Amino acid sequence: MDALRRFFDGDVFFSFKHSPAVMIAFALMTTCILAAVLAPWVAPHNPFDLKTLNLLDAFTPPSWTARGNPTYLLGTDDQGRDVLSTIIFGSRMSLLVGLLATLLAMVLGVSLGLLAGYAGGKVDAFIMRVADIQLSFPAILIALLVDGLARVALPREMHDQLALYVLVLAIAASGWVRYARTVRGSTLVERNKEYVQAARVIGRHPLAIMFTHVLPNALGPVLVLVTLHIGEAIITEATLSFLGVGVPPTQPSLGTLIRIGNDFLFSGEWWITVFPGAALVTLVLSINVLGDWLRDALNPKLR
Amino acid sequence: MLAFVIRRLMQGVIVMLVVGFIAFSLFNFVGDPVSLMLPPEATQADREQMRGVLGLDKPFYVQFVTFITNAVQGNFGISLRLGRPVSALLVERLPATLELAIAAALIGLFVGIPVGVYTALKRNSWISQAMLTTSLVGVSLPNFLIGIFLILTFAVWLGWLPSFGRGDTVKIGAWSTGLLTTSGLKALILPSITLGFFPVTLIMRLVRSEMMEVLRTDYIKFAKARGLTTRAINFGHALKNTLVPVITITGLQLGGIIAFAIITETVFQWPGMGLLFIQAVQFADIPVMAAYLCLIGFIFVVINLVVDILYYVVDPRLRIDRSTAGH
């Protein structure tokens, strides 16, 4: 209770209360996440249950237009799937891949940064050189490359099963550098402090020192990076899926849905693309607004 | 200076070797190139002969050297999907991508700089605030959605502009250009705006922050004290000093633009290298993937090298810093 009261009286909550944009973003993001997590219960239809699909319902426009059907609020796609339901299930996929990729990139980047900063010397030079080289190429290219390599390496029948993991790996591989650089910087500062020297003197294992002593003191800026990375990871996933190298069409993400809808743009079925697109923008924008706000709110220097 | 250039060159060569190695592994370790090239009914003797022809029976490092030698001469084999030499395919597609990328970079400069100057000079006007918000929203939008939105508005609803392809092209030697026909120019508008969106926001924010920094310096105050017109101060003195970083960043961005063209080309079915690459990824067309990888790696290395050297020439502080720090 006391901790709660302290939170509500604190600076962070104060700045939250006083910026409407952040509150709207928070509400939107919570709605998106709740809908995604509770998808099987929230979605009005199950778009993947082939028994309930009716091809006669395909290409129904949104319910408020002349030919609309009230059962399908945002209309249906080419297979008669309810667009609202596919969006809810799709954002589930997008969020899942985005979160997993961010998490993996963080673990990878933090470990390598810690190792580089603590070990120094050749290890440091090697890791940072790789990071430099990778940083001179855009993330989307790295992700495409990893994805393409995996596609060629894996047998064709395993593609669909492993597509999700390949995608997570590809996005993580394109985003670890920022964590490594930040953590290396703080590790370089921390490793010469007395508590680390003391730990070394009493003979603790270097790995134990790195993870239990240095890491907690280097983690602050990483959290801010994570909040800003999630939106980017979701965009990268959507882009790869849009390009046709992401998740399989049987488990669509928002990017896949936009790709499917893109084929029907010219025949006038705009709702199949526009609504998933709007959902993607809402999700990413609200996450980014919150991330930006959190960075400023947690950084006393900016106040 | 020479030592610096040589060090950078060495680094570039190492990067190219790494990229080449990845491309080489694609060829040799991922999947069996012999079974990819021969029909399924080929006999064991055929296979052995093909191995000999491809040099696959030689030691690993000999194969790598052969691969690099071929790659330097632009020989990447034959596309598995299209059955034509990869180098010919890339040369054919290169003009489309370069025209698109350069148009996008020009949009970045000619829209980004004026808007950046305006938002720096009139910081509190509502137009500036609106521009800044738009750029912020634009950064969190996936690029392909901007393209789809433009197609929906200008091609589907208004019907003003074409939404796919390059229009009519004219051949000038080996270079096929879309810049000389009306349909080619019309086809270029939407893709180049899509691709130019990110450079515009980047350059605009860069010019704005540089401008605001420069406007605070003493020599601007002195220029004001000398009674120069505001126009002369803003454009003759302030803007001129902000342009160096802007031009280098735009140069660096050119590589990124070429890479991002993959997305724009897919949205608009623009017949460039990016579209070729993405189709190669979907069909596991290894020779095309490897060649595109090497080409993009090369473009990036060259651009980074040129920009590094430009920095060195333009910014004398770098030189002093290096000689005292003894790197």
# chains A, B, ... in the order shown; residues from 1 in each chain; ligands from 1
>>> residues_around(residues="stretch 212-219 of chain B", least_positions_apart="5", cutoff="8 Å", atoms="only C-alpha atoms", output="MDAnalysis selection string")
chainID B and resid 120:121 238 241:242
>>> write_last_selection(atoms="C-alpha atoms", output="PDB file, in the first residue's frame")
ATOM      1  CA  ALA B 120      14.482  26.703 -36.808  1.00  0.00           C
ATOM      2  CA  LEU B 121      13.740  30.350 -37.608  1.00  0.00           C
ATOM      3  CA  ALA B 238      24.050  30.475 -40.618  1.00  0.00           C
ATOM      4  CA  ASN B 241      27.712  26.509 -41.786  1.00  0.00           C
ATOM      5  CA  THR B 242      25.022  23.918 -41.252  1.00  0.00           C
TER       6      THR B 242
END
>>> closest_atom_pairs(of="chain A", to="chain B", cutoff="8 Å", atoms="only C-alpha atoms", output="JSON lines")
{"residue": "A:Ile133", "atom": "CA", "partner": "B:Val15", "partner_atom": "CA", "distance": 7.4}
{"residue": "A:Ser136", "atom": "CA", "partner": "B:Phe300", "partner_atom": "CA", "distance": 7.6}
{"residue": "A:Phe137", "atom": "CA", "partner": "B:Gly256", "partner_atom": "CA", "distance": 7.3}
{"residue": "A:Pro138", "atom": "CA", "partner": "B:Gly256", "partner_atom": "CA", "distance": 6.1}
{"residue": "A:Ile140", "atom": "CA", "partner": "B:Phe260", "partner_atom": "CA", "distance": 7.7}
{"residue": "A:Leu141", "atom": "CA", "partner": "B:Ala259", "partner_atom": "CA", "distance": 6.6}
{"residue": "A:Gly148", "atom": "CA", "partner": "B:Val281", "partner_atom": "CA", "distance": 5.4}
{"residue": "A:Leu149", "atom": "CA", "partner": "B:Leu26", "partner_atom": "CA", "distance": 7.3}
{"residue": "A:Arg151", "atom": "CA", "partner": "B:Ala284", "partner_atom": "CA", "distance": 7.0}
{"residue": "A:Val152", "atom": "CA", "partner": "B:Ala284", "partner_atom": "CA", "distance": 5.5}
{"residue": "A:Ala153", "atom": "CA", "partner": "B:Val30", "partner_atom": "CA", "distance": 5.2}
{"residue": "A:Gly231", "atom": "CA", "partner": "B:Ser140", "partner_atom": "CA", "distance": 7.8}
{"residue": "A:Glu232", "atom": "CA", "partner": "B:Ser140", "partner_atom": "CA", "distance": 7.8}
{"residue": "A:Ile235", "atom": "CA", "partner": "B:Pro142", "partner_atom": "CA", "distance": 5.8}
{"residue": "A:Ala238", "atom": "CA", "partner": "B:Pro142", "partner_atom": "CA", "distance": 7.9}
{"residue": "A:Thr239", "atom": "CA", "partner": "B:Pro142", "partner_atom": "CA", "distance": 7.1}
{"residue": "A:Leu243", "atom": "CA", "partner": "B:Thr266", "partner_atom": "CA", "distance": 7.0}
{"residue": "A:Gly244", "atom": "CA", "partner": "B:Gln282", "partner_atom": "CA", "distance": 7.3}
{"residue": "A:Val245", "atom": "CA", "partner": "B:Gln282", "partner_atom": "CA", "distance": 6.6}
{"residue": "A:Asn262", "atom": "CA", "partner": "B:Ile148", "partner_atom": "CA", "distance": 7.6}
{"residue": "A:Leu265", "atom": "CA", "partner": "B:Leu152", "partner_atom": "CA", "distance": 7.1}
{"residue": "A:Phe266", "atom": "CA", "partner": "B:Val156", "partner_atom": "CA", "distance": 6.2}
{"residue": "A:Gly268", "atom": "CA", "partner": "B:Val156", "partner_atom": "CA", "distance": 7.8}
{"residue": "A:Trp270", "atom": "CA", "partner": "B:Leu152", "partner_atom": "CA", "distance": 7.9}
{"residue": "A:Gly277", "atom": "CA", "partner": "B:Leu145", "partner_atom": "CA", "distance": 6.8}
{"residue": "A:Val281", "atom": "CA", "partner": "B:Leu141", "partner_atom": "CA", "distance": 6.2}
{"residue": "A:Val284", "atom": "CA", "partner": "B:Ser140", "partner_atom": "CA", "distance": 6.6}
{"residue": "A:Leu285", "atom": "CA", "partner": "B:Ser140", "partner_atom": "CA", "distance": 6.0}
{"residue": "A:Asn288", "atom": "CA", "partner": "B:Ser140", "partner_atom": "CA", "distance": 7.3}
>>> residues_around(residues="B:Phe67", least_positions_apart="6", cutoff="10 Å", atoms="only C-alpha atoms", output="number ranges by chain")
B: 20-21, 23-24, 27, 61, 73, 75-76
>>> write_last_selection(atoms="C-alpha atoms", output="PDB file, in the first residue's frame")
ATOM      1  CA  GLY B  20      32.176 -12.304 -49.810  1.00  0.00           C
ATOM      2  CA  PHE B  21      32.627 -15.177 -47.374  1.00  0.00           C
ATOM      3  CA  ALA B  23      27.995 -15.080 -50.068  1.00  0.00           C
ATOM      4  CA  PHE B  24      30.439 -17.921 -50.716  1.00  0.00           C
ATOM      5  CA  PHE B  27      26.788 -21.032 -52.519  1.00  0.00           C
ATOM      6  CA  TYR B  61      40.481 -22.156 -49.682  1.00  0.00           C
ATOM      7  CA  GLN B  73      35.120  -9.848 -62.373  1.00  0.00           C
ATOM      8  CA  ASN B  75      30.755 -13.322 -62.510  1.00  0.00           C
ATOM      9  CA  PHE B  76      28.198 -14.717 -60.075  1.00  0.00           C
TER      10      PHE B  76
END
>>> residues_around(residues="A:Asn217", least_positions_apart="5", cutoff="9 Å", atoms="only C-alpha atoms", output="PyMOL selection string")
chain A and resi 186-187+190
>>> write_last_selection(atoms="C-alpha atoms", output="short mmCIF file (atom, residue, chain, number, x, y, z; two decimals), in the first residue's frame")
data_model
loop_
_atom_site.label_atom_id
_atom_site.label_comp_id
_atom_site.auth_asym_id
_atom_site.auth_seq_id
_atom_site.Cartn_x
_atom_site.Cartn_y
_atom_site.Cartn_z
CA SER A 186 28.70 1.55 -18.23
CA THR A 187 30.77 -1.58 -17.61
CA GLU A 190 31.89 0.21 -13.16
#
>>> closest_residue(among="B:Trp270, B:Phe222, B:Tyr118, B:Phe110", to="B:Ala96", atoms="only C-alpha atoms")
B:Trp270
>>> atom_distance(atom1="atom CA of A:Val83", atom2="atom CA of A:Pro47")
8.4 Å
>>> residues_around(residues="A:Val189", least_positions_apart="2", cutoff="12 Å", atoms="only C-alpha atoms", output="list in words")
Leu114, Gly117, Tyr118, Thr182, Val183, Arg184, Gly185, Ser186, Thr187, Arg191, Asn192, Lys193, Glu194, Val196, Val214, Leu215, Asn217 and Ala218 of chain A
>>> select_by_dssp(residues="stretch 71-296 of chain A", states="helix (DSSP H, G or I)", output="VMD selection string")
chain A and resid 83 to 119 121 to 135 139 to 153 156 to 173 177 to 190 194 to 201 206 to 218 220 to 242 254 to 262 271 to 296
>>> atom_distance(atom1="atom CA of A:Met210", atom2="atom CA of A:Gly121")
16.1 Å
>>> closest_residue(among="B:Met16, B:Gly251, B:Ser125, B:Thr153", to="B:Ala71", atoms="only C-alpha atoms")
B:Met16
>>> residues_around(residues="A:Pro252", least_positions_apart="4", cutoff="8 Å", atoms="only C-alpha atoms", output="PyMOL selection string")
chain A and resi 86+89-90+93+247-248+256-257
>>> write_last_selection(atoms="C-alpha atoms", output="PDB file, in the first residue's frame")
ATOM      1  CA  THR A  86      -7.954 -11.211 -38.040  1.00  0.00           C
ATOM      2  CA  PHE A  89      -5.243 -12.286 -33.827  1.00  0.00           C
ATOM      3  CA  GLY A  90      -2.726 -10.523 -36.074  1.00  0.00           C
ATOM      4  CA  MET A  93       1.357 -12.327 -33.524  1.00  0.00           C
ATOM      5  CA  VAL A 247       5.376 -15.379 -40.590  1.00  0.00           C
ATOM      6  CA  PRO A 248       3.421 -17.877 -42.721  1.00  0.00           C
ATOM      7  CA  THR A 256       0.896 -10.309 -43.480  1.00  0.00           C
ATOM      8  CA  LEU A 257      -2.673  -8.969 -43.350  1.00  0.00           C
TER       9      LEU A 257
END
>>> atom_distance(atom1="atom CA of B:Pro199", atom2="atom CA of A:Phe275")
26.9 Å
>>> closest_residue(among="A:Leu108, A:Ser85, A:Gln161, A:Ala27", to="A:Pro249", atoms="only C-alpha atoms")
A:Gln161
>>> closest_residue(among="B:Ala261, B:Leu179, B:Val207, B:Leu109", to="B:Pro191", atoms="only C-alpha atoms")
B:Ala261
